[in-house]
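The next block is structure.cif, given as mmCIF, C-alpha atoms and all ligand atoms.
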data_input
#
loop_
_atom_site.label_atom_id
_atom_site.label_comp_id
_atom_site.auth_asym_id
_atom_site.auth_seq_id
_atom_site.Cartn_x
_atom_site.Cartn_y
_atom_site.Cartn_z
CA MET E 1 0.00 0.00 0.00
CA LEU E 2 0.95 3.63 -0.46
CA ARG E 3 2.06 4.88 2.95
CA ASP E 4 2.82 8.46 2.09
CA LEU E 5 3.13 10.81 -0.82
CA ARG E 6 4.91 14.17 -1.05
CA LEU E 7 4.45 16.59 -3.93
CA ARG E 8 6.69 19.52 -4.79
CA ASP E 9 5.80 21.90 -7.62
CA PHE E 10 3.44 19.35 -9.07
CA ARG E 11 0.35 20.81 -10.88
CA CYS E 12 -1.25 23.40 -8.57
CA PHE E 13 0.74 22.36 -5.48
CA GLU E 14 3.90 24.04 -4.28
CA SER E 15 4.11 21.32 -1.65
CA LEU E 16 1.74 18.78 -0.15
CA HIS E 17 2.00 15.76 2.12
CA PHE E 18 -0.61 12.99 2.03
CA THR E 19 -0.67 9.92 4.26
CA PRO E 20 -3.45 7.64 3.07
CA GLU E 21 -4.82 4.81 5.21
CA PRO E 22 -5.16 1.16 4.23
CA GLY E 23 -8.58 0.41 2.69
CA LEU E 24 -10.83 3.30 1.72
CA ASN E 25 -9.72 6.94 1.51
CA PHE E 26 -11.80 9.86 0.30
CA ILE E 27 -10.43 13.21 -0.82
CA ILE E 28 -13.26 15.72 -0.77
CA GLY E 29 -13.04 19.26 -2.08
CA ALA E 30 -14.65 21.83 -4.35
CA ASN E 31 -13.79 22.00 -8.05
CA ALA E 32 -10.23 22.93 -9.07
CA GLN E 33 -8.76 22.39 -5.58
CA GLY E 34 -6.33 19.73 -6.84
CA LYS E 35 -8.03 16.41 -6.02
CA THR E 36 -7.23 14.86 -9.41
CA SER E 37 -3.69 16.20 -9.19
CA ILE E 38 -3.05 14.21 -5.99
CA LEU E 39 -4.24 10.99 -7.62
CA GLU E 40 -2.19 11.79 -10.71
CA ALA E 41 0.88 12.35 -8.52
CA ALA E 42 0.41 8.93 -6.89
CA CYS E 43 0.23 7.33 -10.34
CA VAL E 44 3.25 9.23 -11.67
CA LEU E 45 5.33 8.31 -8.60
CA LEU E 46 4.50 4.60 -8.91
CA ARG E 47 4.37 4.20 -12.69
CA LEU E 48 6.51 7.10 -13.99
CA GLN E 49 3.66 8.03 -16.29
CA SER E 50 0.54 10.12 -16.03
CA PRO E 51 -2.87 8.63 -16.75
CA LYS E 52 -3.92 12.07 -18.05
CA ALA E 53 -1.04 14.13 -19.39
CA GLY E 54 0.57 13.41 -22.75
CA SER E 55 3.89 14.52 -21.29
CA LEU E 56 5.11 14.91 -17.72
CA GLY E 57 6.15 18.46 -18.65
CA GLU E 58 2.47 19.47 -18.38
CA THR E 59 2.44 18.54 -14.71
CA VAL E 60 5.24 20.90 -13.63
CA ARG E 61 3.71 23.76 -11.66
CA PHE E 62 3.26 26.84 -13.84
CA GLY E 63 6.35 29.07 -13.73
CA GLN E 64 8.65 26.27 -12.44
CA SER E 65 11.09 24.07 -14.35
CA ALA E 66 10.98 20.94 -12.19
CA PHE E 67 8.74 18.84 -9.95
CA GLY E 68 9.59 16.29 -7.30
CA LEU E 69 7.55 13.37 -5.96
CA ASP E 70 8.48 11.21 -3.03
CA GLY E 71 6.78 8.45 -1.11
CA HIS E 72 6.73 4.97 0.35
CA TRP E 73 5.06 1.89 -1.01
CA GLU E 74 5.13 -0.43 1.98
CA THR E 75 8.78 -0.19 3.07
CA ARG E 76 10.14 0.80 -0.34
CA HIS E 77 11.12 4.42 -0.81
CA LEU E 78 10.42 5.95 -4.21
CA HIS E 79 11.70 9.30 -5.41
CA LEU E 80 11.13 10.97 -8.76
CA LYS E 81 12.47 14.24 -10.05
CA TYR E 82 11.49 15.71 -13.39
CA GLU E 83 13.49 18.65 -14.68
CA ASN E 84 13.85 20.13 -18.16
CA ALA E 85 12.10 17.18 -19.79
CA LEU E 86 14.32 14.63 -18.04
CA LYS E 87 13.23 12.31 -15.28
CA SER E 88 15.53 10.80 -12.69
CA PHE E 89 14.30 8.32 -10.13
CA ALA E 90 15.64 6.52 -7.12
CA LEU E 91 14.56 3.36 -5.32
CA ASP E 92 15.51 3.13 -1.65
CA SER E 93 17.74 6.17 -2.20
CA LYS E 94 19.71 4.51 -5.03
CA ASN E 95 19.50 6.25 -8.40
CA GLN E 96 18.18 3.92 -11.09
CA SER E 97 19.41 3.93 -14.67
CA ARG E 98 16.69 1.48 -15.75
CA SER E 99 13.06 1.50 -14.74
CA GLY E 100 12.50 -2.28 -14.27
CA ASP E 101 13.15 -2.61 -10.52
CA TYR E 102 11.47 0.70 -9.74
CA LEU E 103 8.31 -0.17 -11.68
CA SER E 104 8.05 -3.59 -10.06
CA VAL E 105 7.23 -1.94 -6.69
CA GLY E 106 3.60 -0.77 -6.97
CA ARG E 107 0.74 -1.22 -9.46
CA VAL E 108 -2.08 1.19 -10.19
CA ALA E 109 -5.66 0.87 -11.40
CA TRP E 110 -6.99 4.25 -12.57
CA ILE E 111 -10.72 4.80 -12.87
CA GLY E 112 -11.91 8.20 -14.07
CA ASN E 113 -14.66 9.96 -15.93
CA ASP E 114 -12.66 9.97 -19.15
CA ASP E 115 -13.00 6.19 -19.21
CA LEU E 116 -16.17 6.62 -21.23
CA GLN E 117 -13.78 7.27 -24.11
CA LEU E 118 -12.81 3.61 -23.90
CA VAL E 119 -16.27 2.86 -25.24
CA ARG E 120 -17.02 5.92 -27.37
CA GLY E 121 -13.63 7.23 -28.38
CA SER E 122 -11.05 6.27 -31.00
CA GLY E 123 -8.83 3.18 -30.90
CA THR E 124 -6.07 5.27 -29.28
CA HIS E 125 -7.90 5.03 -25.94
CA ARG E 126 -8.22 1.24 -26.13
CA ARG E 127 -4.59 0.80 -27.18
CA ARG E 128 -3.55 2.94 -24.18
CA TYR E 129 -5.74 0.75 -21.98
CA LEU E 130 -3.88 -2.37 -23.13
CA ASP E 131 -0.53 -0.60 -22.84
CA PHE E 132 -1.24 0.54 -19.27
CA LEU E 133 -1.85 -3.10 -18.37
CA GLY E 134 1.08 -4.44 -20.40
CA ALA E 135 3.53 -2.01 -18.84
CA GLN E 136 2.52 -3.26 -15.39
CA ILE E 137 2.43 -7.02 -15.88
CA ALA E 138 4.63 -7.99 -18.83
CA GLU E 139 8.37 -7.65 -18.45
CA GLY E 140 9.83 -5.89 -21.48
CA TYR E 141 6.47 -4.62 -22.74
CA LEU E 142 7.19 -0.92 -22.29
CA LYS E 143 10.65 -1.21 -23.80
CA THR E 144 9.25 -3.07 -26.80
CA LEU E 145 6.50 -0.48 -27.22
CA ARG E 146 8.98 2.42 -27.14
CA SER E 147 11.28 0.62 -29.61
CA TYR E 148 8.34 0.02 -31.95
CA GLU E 149 7.26 3.66 -31.72
CA ARG E 150 10.80 4.82 -32.52
CA ALA E 151 11.07 2.54 -35.57
CA LEU E 152 7.61 3.65 -36.74
CA ARG E 153 8.45 7.35 -36.38
CA SER E 154 11.69 6.98 -38.37
CA ARG E 155 10.01 4.90 -41.06
CA ASN E 156 7.11 7.33 -41.41
CA ALA E 157 9.49 10.28 -41.67
CA LEU E 158 11.27 8.58 -44.60
CA LEU E 159 7.98 7.67 -46.27
CA LYS E 160 6.80 11.25 -45.92
CA ASP E 161 10.02 12.49 -47.58
CA ASN E 162 9.54 9.95 -50.39
CA ARG E 163 12.99 8.46 -49.74
CA PRO E 164 14.31 5.43 -51.66
CA ARG E 165 12.81 2.07 -50.75
CA ARG E 166 16.10 0.62 -49.44
CA GLU E 167 16.35 3.40 -46.82
CA ILE E 168 12.81 2.74 -45.63
CA ALA E 169 13.43 -1.02 -45.59
CA ALA E 170 16.14 -0.52 -42.94
CA PHE E 171 13.30 -0.06 -40.44
CA ASP E 172 11.23 -3.04 -41.58
CA GLN E 173 13.08 -5.56 -39.43
CA PRO E 174 12.74 -3.67 -36.09
CA LEU E 175 9.17 -2.75 -36.96
CA VAL E 176 8.27 -6.40 -37.53
CA GLU E 177 10.23 -7.71 -34.55
CA TYR E 178 8.78 -5.28 -31.97
CA GLY E 179 5.41 -5.00 -33.68
CA GLN E 180 4.78 -8.75 -33.77
CA ALA E 181 5.68 -9.01 -30.08
CA LEU E 182 3.15 -6.28 -29.25
CA LEU E 183 0.46 -7.92 -31.37
CA ASP E 184 0.99 -11.25 -29.58
CA TRP E 185 0.97 -9.65 -26.13
CA ARG E 186 -2.15 -7.59 -26.77
CA GLN E 187 -4.01 -10.59 -28.18
CA GLU E 188 -3.20 -12.52 -25.03
CA PHE E 189 -4.27 -9.60 -22.79
CA CYS E 190 -7.68 -9.50 -24.50
CA ARG E 191 -8.05 -13.24 -24.02
CA VAL E 192 -7.41 -13.09 -20.26
CA LEU E 193 -9.33 -9.85 -19.77
CA GLU E 194 -12.61 -10.92 -21.39
CA PRO E 195 -13.97 -13.13 -18.57
CA LEU E 196 -12.81 -10.63 -15.92
CA ILE E 197 -14.55 -7.78 -17.73
CA ALA E 198 -17.69 -9.86 -18.23
CA ALA E 199 -17.83 -10.71 -14.51
CA SER E 200 -17.30 -7.04 -13.60
CA TYR E 201 -20.04 -5.92 -15.97
CA THR E 202 -22.54 -8.28 -14.36
CA ARG E 203 -21.64 -6.91 -10.92
CA ILE E 204 -21.87 -3.27 -11.96
CA SER E 205 -24.96 -3.30 -14.14
CA GLY E 206 -26.85 -6.20 -12.64
CA GLY E 207 -28.00 -6.45 -16.26
CA ALA E 208 -28.64 -9.59 -18.24
CA GLU E 209 -26.59 -8.55 -21.29
CA THR E 210 -23.23 -10.18 -21.83
CA ILE E 211 -20.17 -8.20 -22.77
CA HIS E 212 -17.56 -9.42 -25.24
CA ILE E 213 -14.27 -7.92 -26.22
CA GLU E 214 -12.45 -8.85 -29.41
CA TYR E 215 -8.93 -7.94 -30.28
CA VAL E 216 -8.78 -6.36 -33.75
CA PRO E 217 -5.14 -6.50 -34.88
CA GLY E 218 -3.84 -3.61 -36.94
CA SER E 219 -2.41 -6.03 -39.50
CA ASN E 220 -3.86 -8.92 -41.46
CA GLY E 221 -2.05 -12.14 -40.60
CA ASP E 222 1.59 -11.95 -39.58
CA LEU E 223 3.11 -8.50 -39.61
CA LYS E 224 5.95 -9.33 -41.98
CA SER E 225 3.62 -10.46 -44.78
CA ALA E 226 1.18 -7.62 -44.02
CA LEU E 227 3.98 -5.09 -44.37
CA ALA E 228 5.13 -6.65 -47.68
CA ALA E 229 1.55 -6.56 -48.96
CA SER E 230 1.05 -2.90 -48.10
CA LEU E 231 4.02 -1.37 -49.97
CA GLU E 232 1.90 0.20 -52.67
CA GLU E 233 -0.63 1.67 -50.27
CA GLU E 234 1.98 3.07 -47.91
CA SER E 235 3.93 4.78 -50.67
CA ARG E 236 0.66 6.34 -51.86
CA LEU E 237 -0.31 7.45 -48.33
CA ARG E 238 3.30 8.11 -47.28
CA SER E 239 2.74 6.41 -43.98
CA THR E 240 3.01 2.91 -42.46
CA VAL E 241 -0.51 1.53 -42.81
CA THR E 242 -0.23 -1.79 -41.00
CA GLY E 243 0.90 -2.74 -37.50
CA PRO E 244 -0.05 -2.45 -33.83
CA HIS E 245 -0.38 1.35 -34.04
CA ARG E 246 -3.62 0.49 -35.85
CA ASP E 247 -4.80 -2.10 -33.28
CA ASP E 248 -8.22 -1.81 -31.70
CA VAL E 249 -10.46 -3.67 -29.31
CA ARG E 250 -14.07 -4.25 -30.32
CA VAL E 251 -16.44 -3.96 -27.37
CA LEU E 252 -19.78 -5.70 -27.84
CA LEU E 253 -22.81 -5.68 -25.61
CA GLY E 254 -24.89 -8.68 -26.53
CA ASP E 255 -23.76 -8.96 -30.15
CA LYS E 256 -23.82 -5.24 -30.93
CA PRO E 257 -21.07 -2.60 -30.71
CA ALA E 258 -21.42 -0.85 -27.34
CA ALA E 259 -20.26 2.47 -28.85
CA ILE E 260 -23.28 2.61 -31.17
CA TYR E 261 -26.13 0.74 -29.49
CA ALA E 262 -25.55 0.86 -25.73
CA SER E 263 -27.37 3.52 -23.68
CA GLU E 264 -25.36 6.12 -21.79
CA GLY E 265 -25.83 4.20 -18.53
CA GLN E 266 -24.80 0.93 -20.18
CA GLN E 267 -21.73 2.63 -21.68
CA ARG E 268 -20.73 3.87 -18.22
CA SER E 269 -21.09 0.33 -16.88
CA VAL E 270 -19.02 -1.03 -19.77
CA ALA E 271 -16.27 1.53 -19.12
CA LEU E 272 -16.19 0.63 -15.41
CA ALA E 273 -16.17 -3.07 -16.24
CA LEU E 274 -13.19 -2.59 -18.55
CA LYS E 275 -11.27 -0.87 -15.74
CA LEU E 276 -12.32 -3.31 -13.01
CA GLY E 277 -11.37 -6.21 -15.28
CA GLN E 278 -7.99 -4.62 -15.86
CA ALA E 279 -7.51 -4.19 -12.09
CA ALA E 280 -8.47 -7.84 -11.51
CA GLU E 281 -5.85 -8.93 -14.02
CA LEU E 282 -3.24 -6.72 -12.34
CA ALA E 283 -4.03 -8.43 -9.04
CA ALA E 284 -3.96 -11.91 -10.60
CA ALA E 285 -0.70 -11.35 -12.45
CA THR E 286 1.18 -9.80 -9.53
CA GLN E 287 -0.51 -11.55 -6.58
CA THR E 288 -1.13 -8.12 -5.01
CA PRO E 289 -4.11 -5.83 -5.44
CA PRO E 290 -3.22 -2.60 -7.21
CA LEU E 291 -3.77 0.82 -5.69
CA TYR E 292 -7.20 1.97 -6.91
CA LEU E 293 -7.22 5.65 -7.86
CA ILE E 294 -10.83 6.61 -8.54
CA ASP E 295 -11.31 10.12 -9.80
CA ASP E 296 -14.67 11.84 -9.59
CA VAL E 297 -16.64 8.86 -10.84
CA PHE E 298 -19.23 8.45 -8.12
CA GLY E 299 -20.99 11.77 -8.71
CA GLU E 300 -21.79 10.67 -12.28
CA LEU E 301 -23.34 7.33 -11.37
CA ASP E 302 -26.90 6.54 -10.36
CA PRO E 303 -27.29 5.17 -6.80
CA ALA E 304 -27.57 1.53 -7.92
CA ARG E 305 -24.37 1.60 -9.98
CA ARG E 306 -22.59 3.54 -7.22
CA ASN E 307 -23.41 0.87 -4.66
CA ASN E 308 -22.50 -1.88 -7.10
CA LEU E 309 -19.15 -0.23 -7.82
CA MET E 310 -18.42 0.17 -4.10
CA ALA E 311 -19.26 -3.50 -3.56
CA ALA E 312 -17.09 -4.56 -6.52
CA LEU E 313 -13.93 -2.96 -5.11
CA PRO E 314 -11.84 -5.60 -3.36
CA PRO E 315 -11.93 -4.98 0.43
CA GLU E 316 -8.24 -5.80 0.80
CA ALA E 317 -7.16 -3.19 -1.77
CA GLN E 318 -6.20 0.36 -0.90
CA LYS E 319 -8.50 2.86 -2.60
CA ILE E 320 -8.29 6.64 -2.94
CA ILE E 321 -11.52 8.18 -4.16
CA THR E 322 -12.07 11.84 -5.03
CA SER E 323 -15.40 13.61 -5.00
CA THR E 324 -16.79 17.10 -4.59
CA THR E 325 -19.24 15.87 -1.95
CA LEU E 326 -19.81 12.83 0.19
CA ASP E 327 -23.61 13.14 0.01
CA TRP E 328 -23.80 9.83 -1.80
CA HIS E 329 -21.68 8.03 0.78
CA ARG E 330 -23.75 5.88 3.14
CA SER E 331 -22.86 6.74 6.72
CA GLU E 332 -22.31 3.09 7.62
CA MET E 333 -19.46 2.90 5.11
CA SER E 334 -16.04 3.20 6.63
CA GLY E 335 -13.03 5.07 5.28
CA ALA E 336 -10.66 7.91 6.02
CA ILE E 337 -11.92 11.31 4.88
CA PHE E 338 -9.56 14.10 3.83
CA GLN E 339 -10.77 17.60 3.00
CA LEU E 340 -8.86 19.61 0.42
CA ALA E 341 -9.25 23.40 0.34
CA ASP E 342 -6.89 26.24 -0.58
CA GLY E 343 -3.95 23.88 -1.04
CA VAL E 344 -4.34 22.32 2.41
CA LEU E 345 -5.28 18.68 2.89
CA SER E 346 -6.64 17.83 6.31
CA ARG E 347 -7.95 14.61 7.82
CA THR E 348 -11.45 15.01 9.24
N1 LIG W 401 0.91 22.54 -14.42
C1 LIG W 401 0.05 23.20 -13.64
N2 LIG W 401 0.49 24.18 -12.79
C2 LIG W 401 -0.36 24.83 -11.98
N3 LIG W 401 -1.68 24.59 -11.92
C3 LIG W 401 -2.17 23.65 -12.74
C4 LIG W 401 -1.35 22.90 -13.63
N4 LIG W 401 -2.12 22.03 -14.32
C5 LIG W 401 -3.38 22.22 -13.88
N5 LIG W 401 -3.42 23.18 -12.93
C6 LIG W 401 -4.56 23.71 -12.17
O1 LIG W 401 -4.69 22.92 -11.01
C7 LIG W 401 -6.01 23.09 -10.48
C8 LIG W 401 -6.49 21.80 -9.88
O2 LIG W 401 -6.85 20.88 -10.88
P1 LIG W 401 -7.47 19.45 -10.51
O3 LIG W 401 -7.99 18.87 -11.78
O4 LIG W 401 -6.48 18.64 -9.75
O5 LIG W 401 -8.66 19.86 -9.54
P2 LIG W 401 -9.88 19.00 -9.00
O6 LIG W 401 -10.00 19.35 -7.55
O7 LIG W 401 -9.74 17.57 -9.35
O8 LIG W 401 -11.06 19.66 -9.79
P3 LIG W 401 -12.48 19.07 -10.32
O9 LIG W 401 -13.31 18.74 -9.11
O10 LIG W 401 -13.03 20.24 -11.06
O11 LIG W 401 -12.20 17.91 -11.19
C9 LIG W 401 -6.85 23.62 -11.65
O12 LIG W 401 -7.17 24.98 -11.38
C10 LIG W 401 -5.91 23.53 -12.82
O13 LIG W 401 -6.13 24.55 -13.78
#
In structure tokens, write the structure found in this file.
Amino acid sequence: MLRDLRLRDFRCFESLHFTPEPGLNFIIGANAQGKTSILEAACVLLRLQSPKAGSLGETVRFGQSAFGLDGHWETRHLHLKYENALKSFALDSKNQSRSGDYLSVGRVAWIGNDDLQLVRGSGTHRRRYLDFLGAQIAEGYLKTLRSYERALRSRNALLKDNRPRREIAAFDQPLVEYGQALLDWRQEFCRVLEPLIAASYTRISGGAETIHIEYVPGSNGDLKSALAASLEEESRLRSTVTGPHRDDVRVLLGDKPAAIYASEGQQRSVALALKLGQAAELAAATQTPPLYLIDDVFGELDPARRNNLMAALPPEAQKIITSTTLDWHRSEMSGAIFQLADGVLSRT
């Protein structure tokens, strides 16, 4: 569990200290007080990536050039500094040149309002969803993803410049090697996730519909042949047209696409089920429940779904939940309550 978290020059905070409890924690505050920023800081400290920002640079407090995060996950001490677009991090006060040991310390399940985009939005959201899981449970996944993205960027730049075929072909081998590994991983993730998502959907919605997810690879057949078959199209479009950057996950409710036919309430349940399924897989793969960071979700749910979501959260997991009010919270529910106002977080 996360024992403490210190923020320096992160988002709206010059400095803040948060000591969450085991089990349930609530951070309550009016809009724009920094509730989401505290959850984001916990995620960035543990995973070295933000669930919201495209780049960590966005999270540096306005007018500053660096932020620092510090905290303990159980007995392990984590420290992250981000300055001038470079991050440096230390585990138990030892600077790390690679992220493997550091990232093996704590896992995160992030549930937020934007999750509706997993159902309604473009494939980018669903690829990120698989990547967030992969980076936490599959050794080498993140490195492979970054290597693939580098090869893809270089190849696309050459295609855009209309460079000779032999120059472009220099990137075919890395593209195929890393790309095929990603395709295989993501296919496997979808296979293990489907029953976990289906079980979560039943708990959340109480509905009779069944949910299915299908991996839709961004290449037909194996990537090497798909790349060979797409030469004409890619030189016309001046871009790599096949590969895991085109992957998607089809989400069906009953036998119909949830994005088109599901009601708003059903789509919210589907989005929650996708995230709860992901969290269940994190717990299964690492034998430890992840830290649940739940941002402003409860206010948007009807009372039945709210109660179902509360009941679906594993009691043994540590949870940090933000909300503008606790009106919806039944008084018999336990949990530590923290109020956030004017940059000050206080336990009530
Ligand atoms: N890099 C940054 N530096 C300083 N302030 C920032 C930065 N990024 C965002 N902010 C500001 O931080 C404030 C807190 O944002 P945050 O989303 O954490 O609040 P919140 O309490 O979750 O709000 P809401 O309830 O409306 O979701 C906002 O006013 C936002 O504009």
Within 8 Å of ligand LIG 401 (chain W), counting all atoms listed in the file: which residues, as a compact mmCIF listing (two decimals) with C-alpha atoms, in the coordinates of the input?
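So the final result, stored in out_27.txt, reads:
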# COMPACT_ATOMS: atom_id res chain seq x y z
CA ASP E 9 5.80 21.90 -7.62
CA PHE E 10 3.44 19.35 -9.07
CA ARG E 11 0.35 20.81 -10.88
CA CYS E 12 -1.25 23.40 -8.57
CA PHE E 13 0.74 22.36 -5.48
CA GLY E 29 -13.04 19.26 -2.08
CA ALA E 30 -14.65 21.83 -4.35
CA ASN E 31 -13.79 22.00 -8.05
CA ALA E 32 -10.23 22.93 -9.07
CA GLN E 33 -8.76 22.39 -5.58
CA GLY E 34 -6.33 19.73 -6.84
CA LYS E 35 -8.03 16.41 -6.02
CA THR E 36 -7.23 14.86 -9.41
CA SER E 37 -3.69 16.20 -9.19
CA ILE E 38 -3.05 14.21 -5.99
CA GLY E 57 6.15 18.46 -18.65
CA GLU E 58 2.47 19.47 -18.38
CA THR E 59 2.44 18.54 -14.71
CA VAL E 60 5.24 20.90 -13.63
CA ARG E 61 3.71 23.76 -11.66
CA PHE E 62 3.26 26.84 -13.84
CA GLY E 63 6.35 29.07 -13.73
CA ASP E 295 -11.31 10.12 -9.80
CA ASP E 296 -14.67 11.84 -9.59
CA THR E 322 -12.07 11.84 -5.03
CA SER E 323 -15.40 13.61 -5.00
CA THR E 324 -16.79 17.10 -4.59
Notebook entry, point to check: Which residues come within 7 Å of Asn156 of chain E, counting all atoms listed in the file, excluding same-chain residues fewer than 3 positions away, as JSON, numbers by chain?
Noted result: {"E": [152, 153, 159, 160, 239, 240]}
Next item on the list: For atom CA of Leu24 of chain E and atom CA of Val108 of chain E, quote the distance in Å rounded to one decimal.
Entry: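 The value is 14.9 Å.
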Next item on the list: Rounded to one decimal place, report the atom CA of Ala271 of chain E-atom CA of Leu45 of chain E distance in Å.
Entry: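 Value for the atom CA of Ala271 of chain E-atom CA of Leu45 of chain E distance: 25.0 Å.
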Who sits within 9 Å of Ala85 of chain E, only C-alpha atoms, same chain under 6 positions skipped, as an mmCIF file with C-alpha atoms, keeping the file's coordinate frame:
data_model
loop_
_atom_site.group_PDB
_atom_site.id
_atom_site.type_symbol
_atom_site.label_atom_id
_atom_site.label_comp_id
_atom_site.auth_asym_id
_atom_site.auth_seq_id
_atom_site.Cartn_x
_atom_site.Cartn_y
_atom_site.Cartn_z
ATOM 1 C CA SER E 55 3.890 14.520 -21.290
ATOM 2 C CA LEU E 56 5.110 14.910 -17.720
ATOM 3 C CA GLY E 57 6.150 18.460 -18.650
ATOM 4 C CA SER E 65 11.090 24.070 -14.350
ATOM 5 C CA ALA E 66 10.980 20.940 -12.190
#
Note to self: Using all atoms listed in the file - which residues lie no farther than 9 Å from the point (-14.2, 9.1, -14.8) in the file's frame? Write them as a list in words.
What the structure shows: Trp110, Ile111, Gly112, Asn113, Asp114, Asp115, Leu116, Ala271, Leu272, Ile294, Asp295, Asp296, Val297, Phe298 and Glu300 of chain E
Could you build a table of the residues in segment 100-171 of chain E lying no more than 12 Å from segment 281-292 of chain E, giving for each the nearest pair of atoms and their separation in Å rounded to one decimal place, using only C-alpha atoms, ordered by chain and ascending residue number, as CSV?
residue,atom,partner,partner_atom,distance
E:Ser104,CA,E:Thr286,CA,9.3
E:Val105,CA,E:Thr286,CA,10.3
E:Gly106,CA,E:Pro290,CA,7.1
E:Arg107,CA,E:Pro290,CA,4.8
E:Val108,CA,E:Leu291,CA,4.8
E:Ala109,CA,E:Tyr292,CA,4.9
E:Trp110,CA,E:Tyr292,CA,6.1
E:Ile111,CA,E:Tyr292,CA,7.5
E:Gly112,CA,E:Tyr292,CA,10.6
E:Leu130,CA,E:Glu281,CA,11.4
E:Phe132,CA,E:Leu282,CA,10.2
E:Leu133,CA,E:Leu282,CA,7.2
E:Gly134,CA,E:Leu282,CA,9.4
E:Ala135,CA,E:Leu282,CA,10.5
E:Gln136,CA,E:Leu282,CA,7.4
E:Ile137,CA,E:Ala285,CA,6.3
E:Ala138,CA,E:Ala285,CA,9.0
E:Glu139,CA,E:Ala285,CA,11.5
Next item on the list: Just give me the gap between atom CA of Ile213 of chain E and atom CA of Asp255 of chain E in Å, one decimal is fine.
Entry: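 Atom CA of Asp255 of chain E lies at a distance of 10.3 Å from atom CA of Ile213 of chain E.
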Note to self: Restricting the calculation to all atoms listed in the file: of E:Thr325, E:Thr242, E:Ser269, E:Asn25, which residue gets closest to Glu209 of chain E?
What the structure shows: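 Of all the options, E:Ser269 lies closest to Glu209 of chain E.
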Next item on the list: Find the residues near Pro315 of chain E: any atom within 7 Å, counting only C-alpha atoms, skip ones fewer than 2 places away on the same chain, and give them as a PyMOL selection string.
Entry: chain E and resi 23+313+317
Margin query: List as a PyMOL selection string the protein and nucleic acid residues near segment 218-230 of chain E, meaning an atom at most 7 Å away when only C-alpha atoms are counted, but skip any in the same chain fewer than 5 places from it.
Written below: chain E and resi 176+180+242-247
